[in-house]
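The data block below is protein-v8.cif; it holds mmCIF, C-alpha atoms.
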data_final
#
loop_
_atom_site.label_atom_id
_atom_site.label_comp_id
_atom_site.auth_asym_id
_atom_site.auth_seq_id
_atom_site.Cartn_x
_atom_site.Cartn_y
_atom_site.Cartn_z
CA MET N 143 5.64 29.36 13.33
CA SER N 144 6.71 28.35 9.81
CA SER N 145 10.07 30.09 10.14
CA ARG N 146 10.66 28.41 13.51
CA THR N 147 9.70 25.06 12.04
CA SER N 148 12.16 25.48 9.18
CA HIS N 149 14.95 25.72 11.75
CA VAL N 150 13.71 22.62 13.57
CA VAL N 151 13.01 20.05 10.87
CA ALA N 152 15.94 18.27 9.22
CA ASP N 153 16.48 18.88 5.50
CA ARG N 154 16.15 15.17 4.86
CA LEU N 155 12.42 15.44 5.57
CA ASN N 156 11.87 18.09 2.91
CA GLY N 157 9.16 16.86 0.55
CA ILE N 158 8.23 13.91 2.80
CA GLN N 159 4.48 13.88 3.37
CA GLU N 160 2.10 11.92 5.55
CA ASN N 161 1.27 8.68 3.82
CA VAL N 162 -2.14 7.44 2.81
CA TRP N 163 -2.56 5.36 5.95
CA VAL N 164 -2.65 8.34 8.33
CA GLU N 165 -5.80 9.87 6.88
CA LEU N 166 -7.61 6.63 6.14
CA ILE N 167 -6.90 5.00 9.50
CA GLU N 168 -8.31 8.08 11.20
CA LEU N 169 -11.34 7.92 8.92
CA ALA N 170 -11.83 4.24 9.76
CA LYS N 171 -11.71 5.03 13.49
CA GLU N 172 -14.41 7.64 12.96
CA VAL N 173 -16.69 5.72 10.60
CA LYS N 174 -16.03 2.11 11.71
CA PRO N 175 -16.48 0.60 8.23
CA VAL N 176 -16.03 -2.95 7.01
CA ASN N 177 -12.27 -2.64 6.66
CA LEU N 178 -10.91 -4.11 3.45
CA GLY N 179 -8.31 -1.35 3.31
CA GLN N 180 -5.54 -2.27 5.71
CA GLY N 181 -3.58 -5.39 4.89
CA PHE N 182 -4.05 -7.59 7.92
CA PRO N 183 -6.05 -10.78 8.49
CA ASP N 184 -9.07 -10.57 10.78
CA PHE N 185 -8.76 -14.27 11.63
CA ALA N 186 -6.60 -15.85 14.31
CA ALA N 187 -2.91 -16.57 13.90
CA PRO N 188 -2.00 -20.27 13.71
CA GLU N 189 -2.16 -21.96 17.08
CA PHE N 190 1.37 -23.35 16.84
CA ILE N 191 2.87 -19.87 16.59
CA THR N 192 0.89 -18.35 19.47
CA LYS N 193 1.62 -21.46 21.56
CA ALA N 194 5.33 -21.00 20.80
CA LEU N 195 5.11 -17.45 22.18
CA ARG N 196 3.30 -18.60 25.32
CA ASP N 197 5.94 -21.28 25.81
CA ALA N 198 8.75 -18.75 25.32
CA LEU N 199 7.26 -16.49 28.00
CA LYS N 200 6.82 -19.37 30.46
CA GLN N 201 10.21 -21.00 29.97
CA PRO N 202 12.54 -21.07 32.97
CA ASP N 203 15.25 -19.57 30.75
CA ILE N 204 15.13 -16.01 32.09
CA PHE N 205 17.28 -14.76 29.24
CA LEU N 206 14.40 -15.12 26.79
CA ASN N 207 13.06 -11.95 28.43
CA GLN N 208 16.32 -10.04 28.02
CA TYR N 209 18.31 -8.54 25.15
CA THR N 210 19.37 -10.97 22.50
CA ARG N 211 21.95 -10.78 19.74
CA SER N 212 21.51 -7.50 17.81
CA TYR N 213 21.64 -9.05 14.32
CA GLY N 214 19.06 -11.68 15.25
CA HIS N 215 18.22 -14.16 18.00
CA PRO N 216 20.50 -17.20 17.49
CA ARG N 217 17.65 -19.69 17.23
CA LEU N 218 15.84 -17.51 14.67
CA VAL N 219 18.80 -16.82 12.37
CA ASN N 220 19.62 -20.52 12.42
CA ALA N 221 16.04 -21.38 11.45
CA LEU N 222 16.13 -18.79 8.66
CA SER N 223 19.48 -20.14 7.48
CA LYS N 224 18.18 -23.70 7.36
CA LEU N 225 15.05 -22.65 5.45
CA TYR N 226 16.67 -20.42 2.85
CA SER N 227 19.76 -22.60 2.39
CA LYS N 228 17.38 -25.29 1.17
CA LEU N 229 15.44 -22.89 -1.08
CA LEU N 230 18.50 -21.19 -2.55
CA CYS N 231 20.60 -24.35 -2.88
CA ARG N 232 23.49 -22.60 -1.12
CA GLU N 233 24.58 -22.52 2.49
CA LEU N 234 23.63 -19.28 4.26
CA ASP N 235 25.85 -18.13 7.11
CA PRO N 236 23.33 -17.46 9.92
CA LEU N 237 25.63 -15.00 11.69
CA ASN N 238 26.90 -12.95 8.77
CA GLU N 239 24.34 -13.22 5.95
CA ILE N 240 21.06 -12.65 7.82
CA LEU N 241 19.69 -9.64 9.71
CA VAL N 242 16.50 -9.72 11.79
CA THR N 243 14.66 -6.38 11.83
CA ILE N 244 11.65 -4.66 13.38
CA GLY N 245 9.35 -5.62 10.55
CA ALA N 246 10.16 -5.70 6.85
CA ASP N 247 9.87 -1.90 6.86
CA GLU N 248 13.03 -1.65 8.92
CA ALA N 249 14.81 -4.08 6.60
CA ILE N 250 13.94 -1.81 3.67
CA TYR N 251 14.97 1.28 5.64
CA CYS N 252 18.34 -0.16 6.73
CA THR N 253 19.09 -1.45 3.23
CA ILE N 254 18.47 1.86 1.49
CA MET N 255 20.03 4.06 4.18
CA ALA N 256 23.14 1.87 4.36
CA LEU N 257 23.76 1.55 0.61
CA VAL N 258 22.43 4.68 -1.13
CA ASN N 259 24.54 7.86 -1.29
CA PRO N 260 23.33 11.36 -2.18
CA GLY N 261 22.82 11.51 -5.94
CA ASP N 262 22.51 7.74 -6.39
CA GLU N 263 19.52 6.69 -8.48
CA VAL N 264 17.13 4.01 -7.24
CA ILE N 265 14.76 2.41 -9.76
CA ILE N 266 11.31 1.75 -8.30
CA ILE N 267 8.70 -0.30 -10.16
CA GLU N 268 5.16 1.08 -9.98
CA PRO N 269 2.77 0.50 -8.34
CA PHE N 270 5.05 0.31 -5.30
CA PHE N 271 4.84 -0.11 -1.54
CA ASP N 272 4.87 3.45 -0.29
CA ILE N 273 7.96 3.29 1.94
CA TYR N 274 10.42 2.95 -0.96
CA GLU N 275 10.20 6.53 -2.20
CA PRO N 276 10.50 8.50 1.09
CA VAL N 277 13.37 6.39 2.41
CA THR N 278 15.25 6.81 -0.87
CA LYS N 279 14.80 10.56 -0.61
CA MET N 280 15.89 10.61 3.05
CA ALA N 281 19.08 8.84 2.01
CA GLY N 282 19.69 11.58 -0.56
CA GLY N 283 18.95 9.22 -3.42
CA ILE N 284 16.94 10.01 -6.54
CA PRO N 285 13.90 7.77 -7.13
CA VAL N 286 13.50 6.76 -10.78
CA PHE N 287 10.09 5.28 -11.55
CA VAL N 288 9.06 2.76 -14.17
CA PRO N 289 5.44 1.56 -14.29
CA LEU N 290 3.93 -1.80 -14.96
CA ARG N 291 1.25 -1.33 -17.61
CA PRO N 292 -1.72 -3.58 -18.45
CA LYS N 293 -1.54 -5.34 -21.81
CA LYS N 294 -5.32 -5.22 -21.97
CA THR N 295 -8.03 -3.15 -20.33
CA HIS N 296 -11.17 -5.18 -21.06
CA GLY N 297 -12.36 -8.66 -20.19
CA PRO N 298 -10.91 -10.79 -17.40
CA ILE N 299 -7.61 -9.27 -16.30
CA SER N 300 -4.88 -11.02 -14.33
CA SER N 301 -1.98 -9.40 -12.54
CA ALA N 302 0.15 -11.27 -15.10
CA ASP N 303 -1.28 -8.90 -17.72
CA TRP N 304 0.59 -6.00 -16.10
CA VAL N 305 4.10 -5.92 -17.55
CA LEU N 306 7.21 -3.81 -17.88
CA ASP N 307 8.20 -2.34 -21.22
CA PRO N 308 11.73 -3.75 -21.74
CA LYS N 309 12.96 -0.64 -23.58
CA GLU N 310 11.48 1.71 -21.00
CA LEU N 311 13.05 -0.28 -18.16
CA ALA N 312 16.46 -0.39 -19.86
CA SER N 313 16.34 3.38 -20.39
CA LYS N 314 16.12 3.94 -16.63
CA PHE N 315 19.53 2.35 -15.98
CA THR N 316 22.36 4.91 -16.07
CA ASN N 317 25.85 5.28 -14.65
CA LYS N 318 24.17 6.78 -11.56
CA THR N 319 21.92 3.79 -10.88
CA LYS N 320 22.81 2.19 -7.54
CA MET N 321 19.79 0.00 -6.86
CA ILE N 322 16.53 -1.40 -8.17
CA ILE N 323 13.69 -2.50 -5.88
CA VAL N 324 11.48 -5.37 -7.05
CA ASN N 325 8.41 -6.48 -5.06
CA THR N 326 7.14 -9.95 -5.93
CA PRO N 327 4.38 -10.84 -5.29
CA ASN N 328 3.62 -7.16 -5.74
CA ASN N 329 1.60 -5.03 -3.34
CA PRO N 330 -0.96 -3.76 -4.38
CA LEU N 331 -1.18 -5.56 -7.73
CA GLY N 332 -0.55 -9.18 -6.76
CA LYS N 333 1.77 -9.68 -9.73
CA VAL N 334 4.21 -12.59 -9.44
CA PHE N 335 7.19 -11.80 -11.65
CA THR N 336 8.01 -14.64 -14.03
CA ARG N 337 11.43 -16.14 -14.47
CA SER N 338 11.88 -14.39 -17.81
CA GLU N 339 10.89 -11.02 -16.30
CA LEU N 340 13.36 -11.47 -13.46
CA GLU N 341 16.07 -12.57 -15.91
CA MET N 342 15.52 -9.36 -17.88
CA ILE N 343 16.00 -7.31 -14.71
CA ALA N 344 18.98 -9.43 -13.69
CA GLU N 345 20.78 -8.87 -16.99
CA LEU N 346 20.39 -5.10 -16.61
CA CYS N 347 21.67 -5.26 -13.02
CA LYS N 348 24.75 -7.18 -14.10
CA LYS N 349 25.36 -4.93 -17.10
CA HIS N 350 25.23 -1.75 -15.00
CA ASN N 351 26.62 -3.17 -11.72
CA VAL N 352 23.40 -2.46 -9.82
CA ILE N 353 22.26 -3.85 -6.46
CA CYS N 354 18.90 -5.64 -6.57
CA VAL N 355 16.64 -5.38 -3.51
CA MET N 356 13.94 -8.05 -3.57
CA ASP N 357 10.92 -7.37 -1.38
CA GLU N 358 9.51 -10.88 -1.09
CA VAL N 359 7.31 -10.53 2.00
CA TYR N 360 4.43 -12.34 0.25
CA GLU N 361 6.66 -15.19 -0.90
CA TRP N 362 4.40 -17.90 0.57
CA LEU N 363 1.17 -16.42 -0.80
CA VAL N 364 1.33 -17.58 -4.42
CA PHE N 365 -1.74 -19.14 -6.02
CA LYS N 366 -2.11 -22.10 -8.37
CA GLY N 367 -0.63 -21.54 -11.81
CA SER N 368 2.15 -19.22 -10.62
CA GLU N 369 5.58 -19.82 -9.16
CA HIS N 370 7.65 -17.64 -6.86
CA ILE N 371 11.17 -17.35 -8.30
CA ARG N 372 13.87 -15.98 -6.01
CA MET N 373 16.14 -13.49 -7.77
CA ALA N 374 19.07 -14.64 -5.63
CA THR N 375 18.94 -18.05 -7.35
CA LEU N 376 19.52 -16.66 -10.85
CA PRO N 377 23.04 -16.86 -12.35
CA GLY N 378 25.31 -14.06 -11.17
CA MET N 379 22.67 -12.50 -8.90
CA TRP N 380 23.43 -13.84 -5.43
CA GLU N 381 26.38 -11.49 -4.99
CA ARG N 382 24.30 -8.38 -5.84
CA THR N 383 20.92 -9.24 -4.25
CA LEU N 384 19.44 -8.50 -0.83
CA THR N 385 16.13 -10.24 -0.12
CA ILE N 386 13.58 -9.09 2.44
CA GLY N 387 11.04 -11.28 4.25
CA SER N 388 8.35 -10.86 6.88
CA ALA N 389 7.09 -12.98 9.75
CA GLY N 390 3.92 -10.89 9.71
CA LYS N 391 2.96 -12.06 6.22
CA THR N 392 4.47 -15.53 6.71
CA PHE N 393 2.42 -16.41 9.80
CA SER N 394 -0.48 -13.89 9.68
CA ILE N 395 0.92 -11.94 12.65
CA THR N 396 1.40 -8.45 11.22
CA GLY N 397 1.39 -6.86 14.68
CA TRP N 398 4.50 -8.74 15.82
CA LYS N 399 6.66 -6.59 13.51
CA ILE N 400 9.49 -9.03 12.84
CA GLY N 401 11.18 -9.05 9.44
CA TRP N 402 14.54 -10.05 8.01
CA LEU N 403 16.90 -9.67 5.13
CA TYR N 404 19.49 -12.03 3.74
CA GLY N 405 22.24 -11.83 1.16
CA PRO N 406 26.00 -12.02 0.69
CA ARG N 407 28.14 -10.85 3.57
CA GLU N 408 29.64 -8.13 1.35
CA LEU N 409 26.21 -6.43 1.23
CA THR N 410 24.49 -7.59 4.42
CA LYS N 411 27.18 -6.19 6.71
CA PHE N 412 26.15 -2.60 5.95
CA PRO N 413 22.46 -2.85 6.96
CA GLN N 414 23.69 -4.88 9.95
CA LEU N 415 26.01 -2.03 10.93
CA LEU N 416 23.23 0.55 10.70
CA HIS N 417 20.80 -1.67 12.62
CA GLU N 418 23.29 -2.40 15.40
CA ASN N 419 24.24 1.22 15.97
CA CYS N 420 20.85 2.90 15.52
CA ILE N 421 18.10 0.38 16.27
CA SER N 422 19.33 -2.70 18.18
CA SER N 423 17.57 -6.03 18.68
CA CYS N 424 13.91 -7.02 18.29
CA ALA N 425 11.80 -8.55 21.07
CA THR N 426 13.45 -11.82 22.13
CA PRO N 427 10.30 -13.88 22.94
CA LEU N 428 8.79 -12.99 19.56
CA GLN N 429 11.97 -14.05 17.76
CA GLU N 430 12.01 -17.30 19.73
CA ALA N 431 8.40 -18.06 18.78
CA ILE N 432 8.95 -17.28 15.11
CA ALA N 433 12.00 -19.54 15.12
CA VAL N 434 9.83 -22.38 16.39
CA GLY N 435 7.26 -21.65 13.68
CA LEU N 436 9.90 -21.71 10.96
CA GLU N 437 11.32 -24.97 12.29
CA ILE N 438 7.86 -26.53 12.11
CA GLU N 439 7.16 -25.21 8.62
CA ASN N 440 10.60 -26.21 7.37
CA GLU N 441 9.72 -29.75 8.38
CA HIS N 442 6.22 -29.65 6.85
CA MET N 443 6.95 -27.58 3.74
CA GLY N 444 5.24 -29.04 0.68
CA THR N 445 3.09 -31.45 2.71
CA PRO N 446 -0.62 -31.28 3.65
CA GLU N 447 0.48 -30.33 7.19
CA SER N 448 2.07 -27.08 6.00
CA TYR N 449 0.45 -23.89 7.31
CA TRP N 450 1.70 -22.02 4.23
CA ARG N 451 -0.03 -24.48 1.94
CA ASP N 452 -3.20 -24.31 4.03
CA LEU N 453 -3.14 -20.49 3.99
CA VAL N 454 -2.97 -20.39 0.18
CA ASP N 455 -5.77 -22.96 -0.04
CA THR N 456 -7.83 -20.78 2.32
CA LEU N 457 -7.16 -17.49 0.55
CA GLU N 458 -7.65 -18.62 -3.05
CA PRO N 459 -11.44 -19.09 -2.78
CA LYS N 460 -11.67 -15.76 -0.92
CA ARG N 461 -9.85 -14.15 -3.83
CA ASP N 462 -12.21 -15.78 -6.31
CA ARG N 463 -15.26 -14.75 -4.32
CA MET N 464 -14.16 -11.12 -4.26
CA ALA N 465 -13.34 -11.14 -7.98
CA LYS N 466 -16.82 -12.49 -8.71
CA PHE N 467 -18.78 -9.91 -6.74
CA LEU N 468 -16.64 -7.02 -7.96
CA THR N 469 -17.19 -8.14 -11.56
CA THR N 470 -20.93 -8.36 -10.97
CA VAL N 471 -21.18 -4.66 -10.08
CA GLY N 472 -18.82 -3.43 -12.79
CA MET N 473 -15.76 -2.90 -10.56
CA ALA N 474 -13.49 -4.78 -12.96
CA PRO N 475 -10.89 -6.63 -10.84
CA THR N 476 -7.30 -7.45 -11.63
CA VAL N 477 -7.15 -11.00 -10.29
CA PRO N 478 -3.90 -11.39 -8.33
CA GLU N 479 -1.48 -14.28 -8.75
CA GLY N 480 -0.20 -13.77 -5.21
CA GLY N 481 -0.48 -11.74 -2.01
CA TYR N 482 -3.81 -10.88 -0.45
CA PHE N 483 -4.87 -7.71 -2.24
CA MET N 484 -7.04 -7.11 -5.27
CA MET N 485 -7.16 -4.00 -7.43
CA ALA N 486 -10.54 -2.97 -8.83
CA ASP N 487 -11.24 -0.53 -11.67
CA VAL N 488 -13.95 1.73 -10.23
CA SER N 489 -14.11 4.23 -13.10
CA GLU N 490 -17.50 3.02 -14.34
CA ILE N 491 -19.28 3.04 -10.98
CA ALA N 492 -17.52 6.21 -9.75
CA SER N 493 -18.79 8.09 -12.82
CA LYS N 494 -22.34 7.62 -11.53
CA ILE N 495 -21.65 9.16 -8.10
CA ASP N 496 -21.31 12.79 -7.06
CA LEU N 497 -17.88 12.91 -5.40
CA ASP N 498 -17.56 16.70 -5.23
CA ALA N 499 -17.85 16.73 -1.42
CA GLU N 500 -14.57 14.82 -1.11
CA THR N 501 -11.04 16.04 -1.86
CA GLY N 502 -8.10 14.63 -3.76
CA MET N 503 -7.74 12.55 -6.90
CA LYS N 504 -10.65 10.49 -8.19
CA ASP N 505 -9.66 7.31 -6.38
CA TYR N 506 -9.14 9.17 -3.09
CA ARG N 507 -12.54 10.83 -3.44
CA PHE N 508 -14.25 7.53 -4.24
CA VAL N 509 -12.55 5.71 -1.34
CA LYS N 510 -13.59 8.40 1.15
CA TRP N 511 -17.13 8.55 -0.26
CA LEU N 512 -17.43 4.75 -0.06
CA CYS N 513 -16.20 4.74 3.52
CA ARG N 514 -18.41 7.58 4.77
CA ASN N 515 -21.58 6.70 2.86
CA LYS N 516 -21.49 2.92 2.50
CA LYS N 517 -19.25 1.92 5.43
CA LEU N 518 -16.75 0.01 3.28
CA GLN N 519 -13.08 0.92 3.17
CA GLY N 520 -10.53 0.35 0.42
CA ILE N 521 -7.26 2.08 -0.44
CA PRO N 522 -6.67 4.47 -3.38
CA ILE N 523 -4.14 3.06 -5.83
CA SER N 524 -2.71 6.43 -6.88
CA ALA N 525 -0.99 6.39 -3.47
CA PHE N 526 1.24 3.64 -4.89
CA TYR N 527 2.57 5.87 -7.70
CA CYS N 528 4.91 8.85 -7.80
CA ASN N 529 3.33 12.30 -8.22
CA GLU N 530 4.06 12.37 -11.95
CA HIS N 531 2.35 9.02 -12.54
CA ARG N 532 -0.59 9.23 -10.12
CA ASN N 533 -3.00 9.42 -13.04
CA LEU N 534 -2.08 5.81 -13.87
CA GLY N 535 -3.71 4.68 -10.63
CA GLU N 536 -6.65 7.03 -10.20
CA ASN N 537 -9.22 4.61 -11.65
CA PHE N 538 -8.34 1.84 -9.20
CA ILE N 539 -8.76 1.05 -5.53
CA ARG N 540 -7.34 -1.83 -3.50
CA PHE N 541 -9.30 -4.29 -1.39
CA CYS N 542 -7.83 -6.85 1.01
CA PHE N 543 -9.34 -10.35 0.92
CA CYS N 544 -7.46 -12.03 3.80
CA LYS N 545 -10.61 -11.72 5.88
CA GLU N 546 -13.18 -13.95 7.55
CA GLU N 547 -16.05 -15.11 5.35
CA THR N 548 -18.41 -13.03 7.47
CA THR N 549 -16.38 -9.89 6.66
CA LEU N 550 -16.37 -10.65 2.94
CA GLU N 551 -20.11 -11.35 3.10
CA LYS N 552 -20.73 -7.90 4.59
CA ALA N 553 -18.53 -6.29 1.94
CA GLU N 554 -20.33 -8.16 -0.84
CA GLN N 555 -23.70 -7.02 0.46
CA ILE N 556 -22.53 -3.39 0.59
CA ILE N 557 -21.25 -3.63 -2.99
CA MET N 558 -24.47 -5.21 -4.25
CA ASP N 559 -26.57 -2.59 -2.45
CA LEU N 560 -24.44 0.13 -4.03
CA LYS N 561 -25.06 -1.30 -7.48
CA ASN N 562 -28.82 -1.46 -6.87
CA SER N 563 -28.92 2.11 -5.58
CA LEU N 564 -27.39 3.36 -8.83
CA LEU N 565 -29.82 1.57 -11.15
#
Whole structure given in structure tokens:
Amino acid sequence: MSSRTSHVVADRLNGIQENVWVELIELAKEVKPVNLGQGFPDFAAPEFITKALRDALKQPDIFLNQYTRSYGHPRLVNALSKLYSKLLCRELDPLNEILVTIGADEAIYCTIMALVNPGDEVIIIEPFFDIYEPVTKMAGGIPVFVPLRPKKTHGPISSADWVLDPKELASKFTNKTKMIIVNTPNNPLGKVFTRSELEMIAELCKKHNVICVMDEVYEWLVFKGSEHIRMATLPGMWERTLTIGSAGKTFSITGWKIGWLYGPRELTKFPQLLHENCISSCATPLQEAIAVGLEIENEHMGTPESYWRDLVDTLEPKRDRMAKFLTTVGMAPTVPEGGYFMMADVSEIASKIDLDAETGMKDYRFVKWLCRNKKLQGIPISAFYCNEHRNLGENFIRFCFCKEETTLEKAEQIIMDLKNSLL
């Protein structure tokens, strides 16, 4: 069978393995835990966005149920253009500088596959969203990893305490470097890159003529005291930056799978070309509804009526609640500046548990033990590192706090019971 398989599978899949979600989603189906692993809200989407979808489906315009423009439904790309033109202080061409994709994953896929040649190096900052590495490899590129490292390991820790070493980062840029991928706010860490950090990256990109891919899907989930800076607004960076966004994260509708990218025509046209010829358009009614949502938010942005503002105000106390109960049991949290995930250092509590029945690295074993025995699911952080650096993440797991209070209450009780059982 193995010899037959070797003749069937394409070489581009060599070394590509099932990701962490496959095993843990199956485990969750079996165990039915309190799920703080997968990154989706368990509360309802905003009424205005679901109403917009209902309206789109009931409209007499029959063409809202048919194919739309491949690069993006006209109403949606115009709404995106209006929004980002204001934020970037430059006029975006809705037809030539924006691409609507089947989720942000497809935007990442099209960007890498359209721009990376065999042998090109792609710098990936760790911890990283797990799609970056396999897509780079499928394109024939060479992933080059550089980790964020904590400046301190004791006491209250913020995601801001995780930083790049400037010399280490600079050493990764070579004459083979084609691209760097920056995720801010970062998943799983919640780090919001500061202006000075982005300027450091920008200077290296300009010096080495490197394309910068900004994964900004959590752009609206930034908490008090931090500011989301768009790389494309920095001097000399618009012409070399592609920025990726997500309706799923923007409106708490992860199942709709609508994303986008924007940037200069000279770069955007290549992901557009790949999308048009290999993937085609996303669901028209969903694009119509998201366009309506963006139009509403564009009008309310910065006011008390803004859903984005309300979402941050809702999530911040959930974040603080989780940080408090994790601290209480010795699972030292890294408090995120943005996004809706929190990393917890479980080395102390895991050392008191017999994990020999589980397989994998320490964080994998702890996550599976916690799920099977205590009915609480998280995600192992070593999954967000390359093989060579997995040890940097093996003391941490990720929890998602964009959940109903009742869900967080159940999780807190499980955590407190675990602490008491180990006394």
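Residues matched by the PyMOL selection byres ((chain N and resi 421) around 10) in this file: N:Ser212, N:Thr243, N:Ile244, N:Glu248, N:Cys252, N:Gln414, N:Leu415, N:Leu416, N:His417, N:Glu418, N:Asn419, N:Cys420, N:Ser422, N:Ser423, N:Cys424.
Closest approach to Phe190 of chain N among N:Pro298, N:Gly435, N:Gly502, N:Pro413: N:Gly435, based on all atoms listed in the file.
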- request: Apply the PyMOL selection byres ((chain N and resi 280-288) around 8) to the structure shown and report the selected residues as a list in words.
  value: Arg154, Leu155, Ile254, Met255, Val258, Asn259, Pro260, Gly261, Asp262, Glu263, Val264, Ile265, Ile266, Ile267, Glu268, Glu275, Pro276, Val277, Thr278, Lys279, Pro289, Leu290, Leu306, Glu310, Leu311, Lys314 and Cys528 of chain N
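Atom CA of Pro478 of chain N is positioned 25.9 Å from atom CA of Ala312 of chain N.
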- request: Name every residue that the PyMOL selection byres ((chain N and resi 293-296) around 10) selects in this structure, writing the answer as a ChimeraX atom specification with chains first and numbers rising.
  value: /N:290-292,297-300,302-306,474,476,487
Using the file's own x, y and z axes, what box holds all listed atoms of segment 326-336 of chain N with 3 Å on each side, keeping edges along x, y and z, and what are its centre and edge lengths in Å to one decimal, as JSON?
{"center_x": 3.4, "center_y": -9.2, "center_z": -8.7, "size_x": 15.2, "size_y": 16.9, "size_z": 16.7}
task: Dig up all the protein and nucleic acid residues within 12 Å of (-10.8, -18.6, -5.7) in the file frame, using all atoms listed in the file, and format them as a PyMOL selection string.
output: chain N and resi 365-366+454-467+477-480+482+543
- request: Measuring atom to atom with all atoms listed in the file, identify which of N:Ala431, N:Ile273, N:Met379, N:Leu166 is nearest to Asp197 of chain N.
  value: N:Ala431
Keeping all heavy atoms, write segment 162-167 of chain N of the structure just shown out as a PDB file, in the first residue's frame.
ATOM      1  N   VAL N 162      -3.160  20.045  14.399  1.00  0.00           N
ATOM      2  CA  VAL N 162      -3.592  19.759  15.756  1.00  0.00           C
ATOM      3  C   VAL N 162      -5.105  19.650  15.875  1.00  0.00           C
ATOM      4  O   VAL N 162      -5.639  18.912  16.714  1.00  0.00           O
ATOM      5  CB  VAL N 162      -3.056  20.851  16.721  1.00  0.00           C
ATOM      6  CG1 VAL N 162      -3.643  22.221  16.372  1.00  0.00           C
ATOM      7  CG2 VAL N 162      -3.347  20.498  18.175  1.00  0.00           C
ATOM      8  N   TRP N 163      -5.819  20.343  14.992  1.00  0.00           N
ATOM      9  CA  TRP N 163      -7.275  20.399  15.125  1.00  0.00           C
ATOM     10  C   TRP N 163      -7.926  19.053  14.829  1.00  0.00           C
ATOM     11  O   TRP N 163      -8.968  18.741  15.399  1.00  0.00           O
ATOM     12  CB  TRP N 163      -7.839  21.479  14.200  1.00  0.00           C
ATOM     13  CG  TRP N 163      -7.075  22.745  14.296  1.00  0.00           C
ATOM     14  CD1 TRP N 163      -6.230  23.283  13.384  1.00  0.00           C
ATOM     15  CD2 TRP N 163      -7.021  23.632  15.417  1.00  0.00           C
ATOM     16  NE1 TRP N 163      -5.658  24.436  13.842  1.00  0.00           N
ATOM     17  CE2 TRP N 163      -6.137  24.684  15.092  1.00  0.00           C
ATOM     18  CE3 TRP N 163      -7.650  23.636  16.662  1.00  0.00           C
ATOM     19  CZ2 TRP N 163      -5.858  25.712  15.962  1.00  0.00           C
ATOM     20  CZ3 TRP N 163      -7.376  24.681  17.528  1.00  0.00           C
ATOM     21  CH2 TRP N 163      -6.484  25.697  17.188  1.00  0.00           C
ATOM     22  N   VAL N 164      -7.340  18.264  13.946  1.00  0.00           N
ATOM     23  CA  VAL N 164      -7.949  16.993  13.557  1.00  0.00           C
ATOM     24  C   VAL N 164      -8.123  16.097  14.774  1.00  0.00           C
ATOM     25  O   VAL N 164      -9.218  15.604  15.072  1.00  0.00           O
ATOM     26  CB  VAL N 164      -7.106  16.287  12.472  1.00  0.00           C
ATOM     27  CG1 VAL N 164      -7.687  14.903  12.166  1.00  0.00           C
ATOM     28  CG2 VAL N 164      -7.055  17.131  11.199  1.00  0.00           C
ATOM     29  N   GLU N 165      -7.031  15.871  15.503  1.00  0.00           N
ATOM     30  CA  GLU N 165      -7.085  14.983  16.663  1.00  0.00           C
ATOM     31  C   GLU N 165      -7.953  15.550  17.772  1.00  0.00           C
ATOM     32  O   GLU N 165      -8.769  14.829  18.378  1.00  0.00           O
ATOM     33  CB  GLU N 165      -5.671  14.737  17.192  1.00  0.00           C
ATOM     34  CG  GLU N 165      -5.626  13.847  18.429  1.00  0.00           C
ATOM     35  CD  GLU N 165      -4.226  13.643  18.975  1.00  0.00           C
ATOM     36  OE1 GLU N 165      -3.284  14.291  18.473  1.00  0.00           O
ATOM     37  OE2 GLU N 165      -4.080  12.832  19.904  1.00  0.00           O
ATOM     38  N   LEU N 166      -7.819  16.848  18.037  1.00  0.00           N
ATOM     39  CA  LEU N 166      -8.513  17.408  19.198  1.00  0.00           C
ATOM     40  C   LEU N 166      -9.988  17.633  18.944  1.00  0.00           C
ATOM     41  O   LEU N 166     -10.804  17.554  19.875  1.00  0.00           O
ATOM     42  CB  LEU N 166      -7.822  18.686  19.647  1.00  0.00           C
ATOM     43  CG  LEU N 166      -6.399  18.474  20.182  1.00  0.00           C
ATOM     44  CD1 LEU N 166      -5.804  19.770  20.679  1.00  0.00           C
ATOM     45  CD2 LEU N 166      -6.381  17.432  21.307  1.00  0.00           C
ATOM     46  N   ILE N 167     -10.374  17.894  17.703  1.00  0.00           N
ATOM     47  CA  ILE N 167     -11.807  17.987  17.397  1.00  0.00           C
ATOM     48  C   ILE N 167     -12.463  16.624  17.540  1.00  0.00           C
ATOM     49  O   ILE N 167     -13.581  16.497  18.066  1.00  0.00           O
ATOM     50  CB  ILE N 167     -12.016  18.565  15.983  1.00  0.00           C
ATOM     51  CG1 ILE N 167     -11.674  20.071  15.968  1.00  0.00           C
ATOM     52  CG2 ILE N 167     -13.464  18.373  15.515  1.00  0.00           C
ATOM     53  CD1 ILE N 167     -11.676  20.694  14.596  1.00  0.00           C
TER      54      ILE N 167
END
